[in-house]
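Quick look at protein_17.pdb (PDB, C-alpha atoms and all ligand atoms):
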```pdb
ATOM      1  CA  MET A   1       0.000   0.000   0.000
ATOM      2  CA  ASN A   2       1.467   3.384  -0.894
ATOM      3  CA  SER A   3       1.879   6.250   1.592
ATOM      4  CA  ARG A   4      -1.179   8.136   0.394
ATOM      5  CA  LEU A   5      -3.418   5.111   0.944
ATOM      6  CA  LYS A   6      -1.811   4.441   4.328
ATOM      7  CA  ILE A   7      -2.537   8.032   5.390
ATOM      8  CA  GLU A   8      -6.179   7.675   4.322
ATOM      9  CA  ARG A   9      -6.478   4.399   6.211
ATOM     10  CA  ILE A  10      -4.932   5.948   9.332
ATOM     11  CA  LYS A  11      -7.291   8.936   9.157
ATOM     12  CA  LYS A  12     -10.287   6.614   9.034
ATOM     13  CA  THR A  13      -9.051   4.553  11.985
ATOM     14  CA  LEU A  14      -8.259   7.666  14.003
ATOM     15  CA  TRP A  15     -11.787   8.894  13.430
ATOM     16  CA  GLU A  16     -13.161   5.524  14.583
ATOM     17  CA  LEU A  17     -10.952   5.397  17.686
ATOM     18  CA  ARG A  18     -11.540   8.975  18.904
ATOM     19  CA  GLU A  19     -14.285   7.919  21.302
ATOM     20  CA  HIS A  20     -11.650   6.049  23.333
ATOM     21  CA  GLU A  21     -10.049   9.341  24.311
ATOM     22  CA  THR A  22     -12.999  10.164  26.515
ATOM     23  CA  CYS A  23     -14.124   6.613  27.395
ATOM     24  CA  CYS A  24     -11.152   4.315  26.965
ATOM     25  CA  GLU A  25     -11.892   0.748  25.947
ATOM     26  CA  LEU A  26      -8.824   0.307  23.774
ATOM     27  CA  CYS A  27      -7.814  -2.907  25.492
ATOM     28  CA  PRO A  28      -9.745  -5.716  27.218
ATOM     29  CA  ARG A  29      -9.454  -3.908  30.579
ATOM     30  CA  GLU A  30     -12.170  -1.519  29.307
ATOM     31  CA  CYS A  31     -11.569   1.049  32.057
ATOM     32  CA  LYS A  32     -13.951   3.607  30.465
ATOM     33  CA  VAL A  33     -11.860   6.518  31.815
ATOM     34  CA  ASN A  34     -11.664   9.950  30.227
ATOM     35  CA  ARG A  35      -7.972  10.081  29.380
ATOM     36  CA  LYS A  36      -8.395  13.441  27.664
ATOM     37  CA  LYS A  37      -9.297  14.886  31.065
ATOM     38  CA  GLY A  38      -6.327  13.185  32.688
ATOM     39  CA  GLU A  39      -8.166  10.226  34.195
ATOM     40  CA  LYS A  40      -6.038   7.106  34.317
ATOM     41  CA  GLY A  41      -7.093   3.509  34.012
ATOM     42  CA  PHE A  42      -5.224   0.280  34.662
ATOM     43  CA  CYS A  43      -2.330   1.257  32.368
ATOM     44  CA  GLN A  44      -1.828   4.418  34.450
ATOM     45  CA  MET A  45      -1.260   6.443  31.302
ATOM     46  CA  GLY A  46      -3.007   9.610  30.185
ATOM     47  CA  ARG A  47      -3.746  10.650  26.631
ATOM     48  CA  GLU A  48      -0.246  11.887  25.731
ATOM     49  CA  PRO A  49       2.422   9.315  24.878
ATOM     50  CA  PHE A  50       5.370   8.534  27.131
ATOM     51  CA  LEU A  51       8.464   7.061  25.559
ATOM     52  CA  SER A  52      11.441   5.482  27.305
ATOM     53  CA  HIS A  53      13.837   4.704  24.450
ATOM     54  CA  ALA A  54      14.068   4.971  20.669
ATOM     55  CA  LEU A  55      16.912   2.775  19.453
ATOM     56  CA  LEU A  56      18.183   0.275  16.941
ATOM     57  CA  HIS A  57      17.492  -3.161  18.437
ATOM     58  CA  TYR A  58      19.755  -6.005  17.347
ATOM     59  CA  GLY A  59      18.207  -8.738  19.485
ATOM     60  CA  GLU A  60      14.806  -9.229  17.892
ATOM     61  CA  GLU A  61      14.063 -12.134  15.555
ATOM     62  CA  PRO A  62      16.595 -12.168  12.669
ATOM     63  CA  VAL A  63      13.979 -11.129  10.100
ATOM     64  CA  LEU A  64      13.276  -8.012  12.219
ATOM     65  CA  SER A  65      16.758  -7.075  13.407
ATOM     66  CA  GLY A  66      18.654  -8.342  10.380
ATOM     67  CA  TYR A  67      21.080 -10.002  12.714
ATOM     68  CA  GLY A  68      21.479 -13.771  12.407
ATOM     69  CA  ASP A  69      21.939 -14.406  16.090
ATOM     70  CA  TRP A  70      19.186 -16.915  16.895
ATOM     71  CA  ASN A  71      18.994 -20.563  16.073
ATOM     72  CA  GLN A  72      16.612 -20.660  13.208
ATOM     73  CA  GLU A  73      15.216 -22.908  10.576
ATOM     74  CA  LYS A  74      14.523 -22.119   6.950
ATOM     75  CA  SER A  75      15.787 -18.605   7.515
ATOM     76  CA  ASN A  76      19.128 -16.888   7.327
ATOM     77  CA  GLY A  77      19.517 -13.400   8.744
ATOM     78  CA  SER A  78      22.810 -12.113   7.435
ATOM     79  CA  HIS A  79      22.966  -8.342   7.725
ATOM     80  CA  ARG A  80      22.892  -6.053  10.719
ATOM     81  CA  ASN A  81      20.647  -3.034  10.444
ATOM     82  CA  GLY A  82      18.556  -3.347  13.575
ATOM     83  CA  SER A  83      14.884  -2.977  14.269
ATOM     84  CA  GLY A  84      13.838   0.620  15.009
ATOM     85  CA  ALA A  85      12.369   0.073  18.455
ATOM     86  CA  LEU A  86      10.183   2.595  20.235
ATOM     87  CA  PHE A  87       9.780   1.484  23.861
ATOM     88  CA  PHE A  88       6.628   2.997  25.306
ATOM     89  CA  THR A  89       6.020   3.566  28.993
ATOM     90  CA  GLY A  90       3.225   1.694  30.774
ATOM     91  CA  CYS A  91       1.386  -1.512  29.988
ATOM     92  CA  HIS A  92      -2.191  -2.697  30.072
ATOM     93  CA  LEU A  93      -1.275  -6.214  31.242
ATOM     94  CA  LYS A  94       1.584  -5.825  33.757
ATOM     95  CA  CYS A  95       2.852  -9.315  34.506
ATOM     96  CA  PRO A  96       4.634  -9.243  37.893
ATOM     97  CA  PHE A  97       7.706 -10.974  36.397
ATOM     98  CA  CYS A  98       8.035  -8.539  33.471
ATOM     99  CA  GLN A  99      11.623  -8.038  32.364
ATOM    100  CA  ASN A 100      10.671  -4.533  31.177
ATOM    101  CA  TYR A 101       9.213  -3.696  34.615
ATOM    102  CA  GLN A 102      10.974  -0.315  34.643
ATOM    103  CA  LEU A 103       8.601   0.673  31.840
ATOM    104  CA  SER A 104       5.511  -1.434  32.520
ATOM    105  CA  TRP A 105       5.326  -0.985  36.301
ATOM    106  CA  LEU A 106       7.625   1.903  37.232
ATOM    107  CA  ASN A 107       6.487   4.126  34.353
ATOM    108  CA  GLN A 108       9.957   5.225  33.351
ATOM    109  CA  GLY A 109       9.946   7.504  30.319
ATOM    110  CA  LYS A 110       9.311  11.021  29.134
ATOM    111  CA  GLN A 111       6.233  12.608  27.643
ATOM    112  CA  VAL A 112       6.575  13.266  23.923
ATOM    113  CA  THR A 113       4.323  14.782  21.289
ATOM    114  CA  SER A 114       3.053  12.924  18.235
ATOM    115  CA  GLN A 115       5.348  15.139  16.157
ATOM    116  CA  GLN A 116       8.348  14.017  18.230
ATOM    117  CA  LEU A 117       7.284  10.390  17.793
ATOM    118  CA  ALA A 118       7.137  10.932  14.038
ATOM    119  CA  GLU A 119      10.638  12.433  14.166
ATOM    120  CA  HIS A 120      11.924   9.352  16.022
ATOM    121  CA  MET A 121      10.383   7.123  13.336
ATOM    122  CA  LEU A 122      12.042   9.094  10.554
ATOM    123  CA  SER A 123      15.353   9.301  12.382
ATOM    124  CA  LEU A 124      15.468   5.510  12.954
ATOM    125  CA  GLN A 125      14.629   4.978   9.284
ATOM    126  CA  GLN A 126      17.462   7.344   8.391
ATOM    127  CA  LYS A 127      19.837   5.265  10.560
ATOM    128  CA  GLY A 128      18.983   2.151   8.547
ATOM    129  CA  ALA A 129      16.297   0.537  10.714
ATOM    130  CA  LEU A 130      14.543  -2.300   8.899
ATOM    131  CA  ASN A 131      11.217  -1.424  10.493
ATOM    132  CA  ILE A 132       9.578   0.614  13.229
ATOM    133  CA  ASN A 133       8.945  -1.689  16.153
ATOM    134  CA  LEU A 134       6.200  -0.316  18.419
ATOM    135  CA  VAL A 135       6.820  -1.982  21.779
ATOM    136  CA  SER A 136       3.675  -2.033  23.984
ATOM    137  CA  PRO A 137       1.728   0.318  21.725
ATOM    138  CA  THR A 138      -1.921  -0.394  22.550
ATOM    139  CA  HIS A 139      -2.560   2.187  25.274
ATOM    140  CA  PHE A 140      -0.982   4.892  23.056
ATOM    141  CA  LEU A 141      -2.564   3.761  19.825
ATOM    142  CA  ILE A 142      -4.165   7.136  19.037
ATOM    143  CA  PRO A 143      -1.025   9.320  19.316
ATOM    144  CA  ILE A 144       0.998   6.591  17.577
ATOM    145  CA  LEU A 145      -1.377   6.706  14.599
ATOM    146  CA  GLU A 146      -1.143  10.503  14.553
ATOM    147  CA  ALA A 147       2.641  10.169  14.482
ATOM    148  CA  LEU A 148       2.552   7.579  11.701
ATOM    149  CA  LYS A 149       0.273   9.807   9.620
ATOM    150  CA  GLN A 150       2.785  12.637   9.981
ATOM    151  CA  ALA A 151       5.769  10.365   9.307
ATOM    152  CA  TYR A 152       4.227   9.080   6.048
ATOM    153  CA  LYS A 153       3.758  12.684   4.928
ATOM    154  CA  GLU A 154       7.478  13.244   5.525
ATOM    155  CA  GLY A 155       8.802  10.193   3.674
ATOM    156  CA  PHE A 156       8.396   7.226   6.035
ATOM    157  CA  THR A 157       8.461   3.951   4.117
ATOM    158  CA  ILE A 158       9.623   1.048   6.309
ATOM    159  CA  PRO A 159       7.302  -1.647   7.738
ATOM    160  CA  VAL A 160       5.390  -1.052  10.985
ATOM    161  CA  VAL A 161       5.686  -3.774  13.643
ATOM    162  CA  TYR A 162       2.991  -4.088  16.326
ATOM    163  CA  ASN A 163       4.858  -5.655  19.261
ATOM    164  CA  SER A 164       2.175  -6.508  21.794
ATOM    165  CA  ASN A 165       1.594  -8.637  24.894
ATOM    166  CA  GLY A 166      -1.236 -10.303  22.949
ATOM    167  CA  TYR A 167      -4.005  -9.208  25.338
ATOM    168  CA  GLU A 168      -5.874  -7.277  22.662
ATOM    169  CA  LYS A 169      -9.421  -6.576  21.552
ATOM    170  CA  THR A 170     -10.185  -8.115  18.183
ATOM    171  CA  GLU A 171     -12.331  -5.139  17.172
ATOM    172  CA  VAL A 172      -9.386  -2.784  17.746
ATOM    173  CA  VAL A 173      -7.007  -5.053  15.805
ATOM    174  CA  GLN A 174      -9.538  -5.055  12.932
ATOM    175  CA  LYS A 175      -9.118  -1.286  12.687
ATOM    176  CA  LEU A 176      -5.372  -1.720  12.099
ATOM    177  CA  ASP A 177      -5.938  -3.619   8.862
ATOM    178  CA  GLY A 178      -3.879  -1.895   6.161
ATOM    179  CA  ILE A 179      -1.804  -0.015   8.768
ATOM    180  CA  VAL A 180       0.234  -2.677  10.581
ATOM    181  CA  ASP A 181       2.617  -4.622   8.354
ATOM    182  CA  ILE A 182       3.990  -7.097  10.874
ATOM    183  CA  TYR A 183       2.183  -8.316  13.960
ATOM    184  CA  LEU A 184       4.428  -9.526  16.770
ATOM    185  CA  PRO A 185       2.095 -10.660  19.563
ATOM    186  CA  ASP A 186       2.978 -12.720  22.598
ATOM    187  CA  LEU A 187       0.880 -15.786  23.244
ATOM    188  CA  LYS A 188       1.553 -16.257  26.941
ATOM    189  CA  TYR A 189      -0.946 -18.576  28.581
ATOM    190  CA  HIS A 190      -3.500 -21.189  27.630
ATOM    191  CA  SER A 191      -4.913 -21.892  31.074
ATOM    192  CA  SER A 192      -7.276 -19.283  32.508
ATOM    193  CA  SER A 193      -6.247 -20.134  36.068
ATOM    194  CA  LEU A 194      -2.601 -19.576  35.139
ATOM    195  CA  SER A 195      -3.291 -16.230  33.436
ATOM    196  CA  GLN A 196      -5.405 -15.188  36.423
ATOM    197  CA  LYS A 197      -2.731 -16.226  38.880
ATOM    198  CA  LEU A 198       0.229 -14.718  37.038
ATOM    199  CA  SER A 199      -1.237 -11.706  35.228
ATOM    200  CA  GLY A 200      -4.565 -11.127  36.962
ATOM    201  CA  VAL A 201      -6.705 -11.788  33.869
ATOM    202  CA  PRO A 202      -8.731 -14.990  33.470
ATOM    203  CA  ASP A 203      -9.574 -14.176  29.836
ATOM    204  CA  TYR A 204      -6.034 -13.872  28.449
ATOM    205  CA  PHE A 205      -6.272 -16.842  26.100
ATOM    206  CA  PRO A 206      -9.737 -16.145  24.623
ATOM    207  CA  LYS A 207      -8.775 -12.512  23.968
ATOM    208  CA  ALA A 208      -5.271 -13.205  22.660
ATOM    209  CA  SER A 209      -6.258 -16.179  20.502
ATOM    210  CA  GLN A 210      -9.126 -14.285  18.824
ATOM    211  CA  ALA A 211      -6.899 -11.262  18.236
ATOM    212  CA  ILE A 212      -4.215 -13.508  16.726
ATOM    213  CA  LEU A 213      -6.738 -15.096  14.356
ATOM    214  CA  GLU A 214      -7.597 -11.584  13.149
ATOM    215  CA  MET A 215      -3.900 -10.699  12.790
ATOM    216  CA  HIS A 216      -3.432 -13.883  10.765
ATOM    217  CA  ARG A 217      -6.394 -12.980   8.563
ATOM    218  CA  GLN A 218      -4.742  -9.634   7.787
ATOM    219  CA  GLN A 219      -1.159 -10.919   7.454
ATOM    220  CA  PRO A 220      -1.324 -14.655   6.714
ATOM    221  CA  GLN A 221       2.214 -15.127   5.502
ATOM    222  CA  LEU A 222       5.669 -13.950   6.494
ATOM    223  CA  VAL A 223       6.982 -12.044   3.478
ATOM    224  CA  VAL A 224      10.686 -11.165   3.403
ATOM    225  CA  ASP A 225      12.735  -9.131   0.938
ATOM    226  CA  ASP A 226      15.958 -10.172  -0.799
ATOM    227  CA  ASN A 227      17.910  -9.444   2.394
ATOM    228  CA  ASN A 228      15.622 -11.640   4.464
ATOM    229  CA  ALA A 229      14.087  -8.617   6.194
ATOM    230  CA  ALA A 230      10.408  -9.048   7.026
ATOM    231  CA  GLN A 231       8.005  -6.838   5.067
ATOM    232  CA  ARG A 232       4.695  -8.322   6.201
ATOM    233  CA  GLY A 233       3.461 -11.133   8.388
ATOM    234  CA  LEU A 234       2.616 -12.481  11.798
ATOM    235  CA  ILE A 235       5.244 -13.713  14.253
ATOM    236  CA  ILE A 236       3.794 -15.307  17.391
ATOM    237  CA  ARG A 237       6.120 -15.142  20.357
ATOM    238  CA  HIS A 238       5.932 -17.581  23.216
ATOM    239  CA  LEU A 239       8.083 -17.264  26.321
ATOM    240  CA  ILE A 240       8.330 -20.698  27.945
ATOM    241  CA  LEU A 241       7.900 -20.299  31.706
ATOM    242  CA  PRO A 242       9.785 -22.596  34.093
ATOM    243  CA  GLY A 243       7.625 -25.425  35.427
ATOM    244  CA  MET A 244       4.805 -24.578  33.006
ATOM    245  CA  SER A 245       5.786 -26.358  29.837
ATOM    246  CA  SER A 246       2.488 -28.283  29.780
ATOM    247  CA  ASP A 247       0.712 -24.961  29.211
ATOM    248  CA  SER A 248       3.192 -24.195  26.410
ATOM    249  CA  LEU A 249       2.333 -27.503  24.753
ATOM    250  CA  LYS A 250      -1.376 -26.641  24.838
ATOM    251  CA  LEU A 251      -0.638 -23.350  23.077
ATOM    252  CA  LEU A 252       1.318 -25.191  20.379
ATOM    253  CA  GLU A 253      -1.622 -27.564  19.969
ATOM    254  CA  TRP A 254      -3.938 -24.590  19.483
ATOM    255  CA  ILE A 255      -1.615 -23.000  16.904
ATOM    256  CA  ASN A 256      -1.384 -26.311  15.085
ATOM    257  CA  SER A 257      -5.122 -26.777  14.901
ATOM    258  CA  HIS A 258      -6.169 -23.166  14.169
ATOM    259  CA  LEU A 259      -3.410 -21.734  11.964
ATOM    260  CA  ASP A 260      -1.641 -23.160   8.954
ATOM    261  CA  SER A 261       2.062 -23.850   8.484
ATOM    262  CA  SER A 262       2.630 -20.350   7.095
ATOM    263  CA  VAL A 263       2.448 -18.926  10.613
ATOM    264  CA  CYS A 264       5.807 -17.967  12.092
ATOM    265  CA  LEU A 265       6.525 -19.039  15.667
ATOM    266  CA  SER A 266       9.232 -17.632  17.897
ATOM    267  CA  LEU A 267      10.045 -19.710  20.995
ATOM    268  CA  MET A 268      11.796 -17.825  23.752
ATOM    269  CA  SER A 269      13.886 -19.430  26.481
ATOM    270  CA  GLN A 270      15.170 -16.240  28.091
ATOM    271  CA  TYR A 271      12.888 -16.154  31.137
ATOM    272  CA  HIS A 272      14.681 -14.629  34.105
ATOM    273  CA  PRO A 273      12.999 -13.859  37.444
ATOM    274  CA  CYS A 274      12.446 -10.111  37.584
ATOM    275  CA  PHE A 275      10.647  -7.550  39.706
ATOM    276  CA  LYS A 276       7.834  -9.281  41.629
ATOM    277  CA  ALA A 277       8.122 -12.780  40.163
ATOM    278  CA  PRO A 278       6.181 -15.218  42.386
ATOM    279  CA  PRO A 279       8.056 -17.946  44.317
ATOM    280  CA  GLU A 280       7.351 -20.638  41.692
ATOM    281  CA  LEU A 281       8.995 -18.427  39.034
ATOM    282  CA  GLN A 282      12.170 -17.659  40.997
ATOM    283  CA  LYS A 283      14.242 -19.863  38.689
ATOM    284  CA  CYS A 284      15.253 -20.192  35.052
ATOM    285  CA  LEU A 285      13.782 -22.562  32.504
ATOM    286  CA  SER A 286      15.429 -25.996  32.553
ATOM    287  CA  PRO A 287      17.057 -27.284  29.354
ATOM    288  CA  GLN A 288      14.805 -30.387  29.607
ATOM    289  CA  GLU A 289      11.620 -28.331  29.540
ATOM    290  CA  PHE A 290      12.949 -26.154  26.758
ATOM    291  CA  HIS A 291      13.791 -29.169  24.581
ATOM    292  CA  LYS A 292      10.412 -30.774  25.270
ATOM    293  CA  VAL A 293       8.588 -27.709  23.932
ATOM    294  CA  LEU A 294      11.046 -27.185  21.102
ATOM    295  CA  ALA A 295      10.673 -30.815  19.951
ATOM    296  CA  GLN A 296       6.908 -30.352  19.784
ATOM    297  CA  ALA A 297       7.276 -27.091  17.847
ATOM    298  CA  LYS A 298       9.589 -28.772  15.340
ATOM    299  CA  LYS A 299       7.002 -31.500  14.736
ATOM    300  CA  MET A 300       4.548 -28.829  13.569
ATOM    301  CA  ASP A 301       6.645 -28.315  10.430
ATOM    302  CA  LEU A 302       6.051 -24.583  10.304
ATOM    303  CA  ASP A 303       7.526 -22.624   7.420
ATOM    304  CA  THR A 304       9.426 -20.451   9.890
ATOM    305  CA  LEU A 305      10.401 -21.321  13.444
ATOM    306  CA  PHE A 306      12.755 -19.161  15.471
ATOM    307  CA  TYR A 307      14.053 -20.290  18.822
ATOM    308  CA  GLN A 308      16.552 -18.968  21.278
ATOM    309  CA  PRO A 309      19.480 -21.060  22.484
ATOM    310  CA  GLU A 310      19.323 -23.272  25.576
ATOM    311  CA  PRO A 311      18.107 -21.403  28.651
ATOM    312  CA  PHE A 312      20.414 -19.028  30.443
ATOM    313  CA  SER A 313      21.561 -19.381  34.040
ATOM    314  CA  LEU A 314      20.532 -17.019  36.828
ATOM    315  CA  GLN A 315      23.881 -15.272  36.455
ATOM    316  CA  GLU A 316      23.679 -14.955  32.681
ATOM    317  CA  HIS A 317      20.634 -13.185  31.313
ATOM    318  CA  LEU A 318      19.273 -10.763  28.733
ATOM    319  CA  VAL A 319      17.358  -8.449  31.059
ATOM    320  CA  PRO A 320      17.678  -4.859  29.804
ATOM    321  CA  ASP A 321      18.314  -1.938  32.137
ATOM    322  CA  PHE A 322      16.184   0.933  30.919
ATOM    323  CA  SER A 323      17.813   3.351  33.355
ATOM    324  CA  LEU A 324      20.795   3.323  30.972
ATOM    325  CA  PRO A 325      20.985   5.100  27.600
ATOM    326  CA  ASP A 326      21.992   1.727  26.063
ATOM    327  CA  PRO A 327      19.688  -0.692  27.972
ATOM    328  CA  PHE A 328      20.687  -3.792  25.997
ATOM    329  CA  GLY A 329      24.422  -3.067  25.899
ATOM    330  CA  PHE A 330      24.428  -3.121  22.097
ATOM    331  CA  GLY A 331      27.146  -0.483  22.071
ATOM    332  CA  LYS A 332      29.579  -2.770  23.928
TER     333      LYS A 332
HETATM  334  S1  LIG B 401      -5.676   1.334  27.418
HETATM  335 FE1  LIG B 401      -5.401   1.770  29.613
HETATM  336  S2  LIG B 401      -7.134   3.069  30.186
HETATM  337 FE2  LIG B 401      -7.621   2.143  28.198
HETATM  338  S3  LIG B 401      -8.822   0.336  28.659
HETATM  339 FE3  LIG B 401      -6.688  -0.316  28.512
HETATM  340  S4  LIG B 401      -5.827  -0.194  30.584
HETATM  341 FE4  LIG B 401      -7.740   0.948  30.565
END
```
Rewrite the coordinates I just gave you, this time as structure tokens.
Ligand code: SF4
Amino acid sequence: MNSRLKIERIKKTLWELREHETCCELCPRECKVNRKKGEKGFCQMGREPFLSHALLHYGEEPVLSGYGDWNQEKSNGSHRNGSGALFFTGCHLKCPFCQNYQLSWLNQGKQVTSQQLAEHMLSLQQKGALNINLVSPTHFLIPILEALKQAYKEGFTIPVVYNSNGYEKTEVVQKLDGIVDIYLPDLKYHSSSLSQKLSGVPDYFPKASQAILEMHRQQPQLVVDDNNAAQRGLIIRHLILPGMSSDSLKLLEWINSHLDSSVCLSLMSQYHPCFKAPPELQKCLSPQEFHKVLAQAKKMDLDTLFYQPEPFSLQEHLVPDFSLPDPFGFGK
């Protein structure tokens, strides 16, 4: 879709979403607060966007970062441009073990205008970013769309990645048809008691699974360019939690029975106990559990499967520190 059509599509969606400024139901929390008047709902965020970092991210899936660092099948990332990540403050899910807790729970970040967001998008594109990676975008969807509209007017061309915790409303995702190029949702839990216990929402799976079906309808196939950089598609991320691999297997079963082999799955082994992780999650994933889930994923014969290496130890981890200008240590 060319820029002019994208701008028209964004304008339409903005018009349709405006009511959420005064009665916010952008996510399944449906707080109904007037964010325009400064009322705050579960995400604790007002109408104006807060941003923690805008940076080139080299640790995303190879097709997003252009950095062949992960074990992968039927894929070969070979260049190193980075994904243009915009890390937003706040979250509408807030898992107590979140590795980005400085943003999701502690609200670290600075208020920016939509114009400044657009400038970050254009600046990351200028630096060679393969895409703009909107990390936790849902609660700031309206100002993000305003920024994208402006960026397209000023020459923005790279794919837009919607990097979400998966707890989304299908009707909101429907409005992003023609705007989002690559969906990157988590699929965290199958069991409602587990999602209730760990993230305080019993309806995680019904919401996330329906939203993912809609994402798949819009972007059924991972499309890459000659440099193996993703242009369109859906990449489902699953972080395997220690001691909970049976729930992971149920999610794989659901993917297998509801989506075809064109879906791209990204299995993550990097769990590390952070922030307020409950006692049962005060450990890392065992290699045995990781291989059990990985073996099942391999049996699904997906066109594209990414997976991280064997789990890390408690001493060795990938937890970013967002109090630093270079939270991932990419500059080292
Ligand atoms: S985006 Fe925030 S205020 Fe709006 S419904 Fe979700 S949690 Fe509530």
If I wrap all listed atoms of ligand LIG 401 (chain B) in a box with edges along x, y and z and add 5 Å on each side, what are its centre and edge lengths in Å to one decimal, as AutoDock Vina command-line options?
```
--center_x -7.1 --center_y 1.4 --center_z 29.0 --size_x 13.4 --size_y 13.4 --size_z 13.2
```
The PyMOL selection byres (((chain A and resi 175) around 10) and not hetatm) applied to the shown file, residues as a VMD selection string: chain A and resid 9 to 10 12 to 14 16 to 17 170 to 174 176 to 180
Range 190-202 of chain A surroundings by only C-alpha atoms, 12 Å radius, close-in-sequence under 4 positions cut, as a PyMOL selection string: chain A and resi 28-29+42+91-98+165+167+186+206-209+238+240-241+243-255+276-281
Of the listed residues A:Gln99, A:Gln44, A:Gln108, A:Gln282, that which approaches ligand LIG 401 (chain B) most closely, counting only C-alpha atoms and all ligand atoms: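 Smallest distance to ligand LIG 401 (chain B) is found for A:Gln44.
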Exercise answer, 7 Å around ligand LIG 401 (chain B) with only C-alpha atoms and all ligand atoms, as a PyMOL selection string: chain A and resi 24-33+40-45+92+138-139
The PyMOL selection byres (((chain A and resi 85) around 9) and not hetatm) applied to the shown file, residues as a PDB file with C-alpha atoms, keeping the file's coordinate frame:
```
ATOM      1  CA  HIS A  53      13.837   4.704  24.450  1.00  0.00           C
ATOM      2  CA  ALA A  54      14.068   4.971  20.669  1.00  0.00           C
ATOM      3  CA  LEU A  55      16.912   2.775  19.453  1.00  0.00           C
ATOM      4  CA  LEU A  56      18.183   0.275  16.941  1.00  0.00           C
ATOM      5  CA  HIS A  57      17.492  -3.161  18.437  1.00  0.00           C
ATOM      6  CA  GLY A  82      18.556  -3.347  13.575  1.00  0.00           C
ATOM      7  CA  SER A  83      14.884  -2.977  14.269  1.00  0.00           C
ATOM      8  CA  GLY A  84      13.838   0.620  15.009  1.00  0.00           C
ATOM      9  CA  LEU A  86      10.183   2.595  20.235  1.00  0.00           C
ATOM     10  CA  PHE A  87       9.780   1.484  23.861  1.00  0.00           C
ATOM     11  CA  MET A 121      10.383   7.123  13.336  1.00  0.00           C
ATOM     12  CA  LEU A 124      15.468   5.510  12.954  1.00  0.00           C
ATOM     13  CA  ALA A 129      16.297   0.537  10.714  1.00  0.00           C
ATOM     14  CA  ASN A 131      11.217  -1.424  10.493  1.00  0.00           C
ATOM     15  CA  ILE A 132       9.578   0.614  13.229  1.00  0.00           C
ATOM     16  CA  ASN A 133       8.945  -1.689  16.153  1.00  0.00           C
ATOM     17  CA  LEU A 134       6.200  -0.316  18.419  1.00  0.00           C
ATOM     18  CA  VAL A 135       6.820  -1.982  21.779  1.00  0.00           C
TER      19      VAL A 135
END
```
Between CA of Glu316 in chain A and CA of Phe275 in chain A, distance in Å (one decimal):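 Separating CA of Glu316 in chain A from CA of Phe275 in chain A is a distance of 16.6 Å.
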Shortest interatomic distance to Val263 in chain A - which of A:Asp326, A:Asp303, A:Glu289, A:Glu39, counting all atoms listed in the file: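 Result for the nearest residue to Val263 in chain A: A:Asp303.
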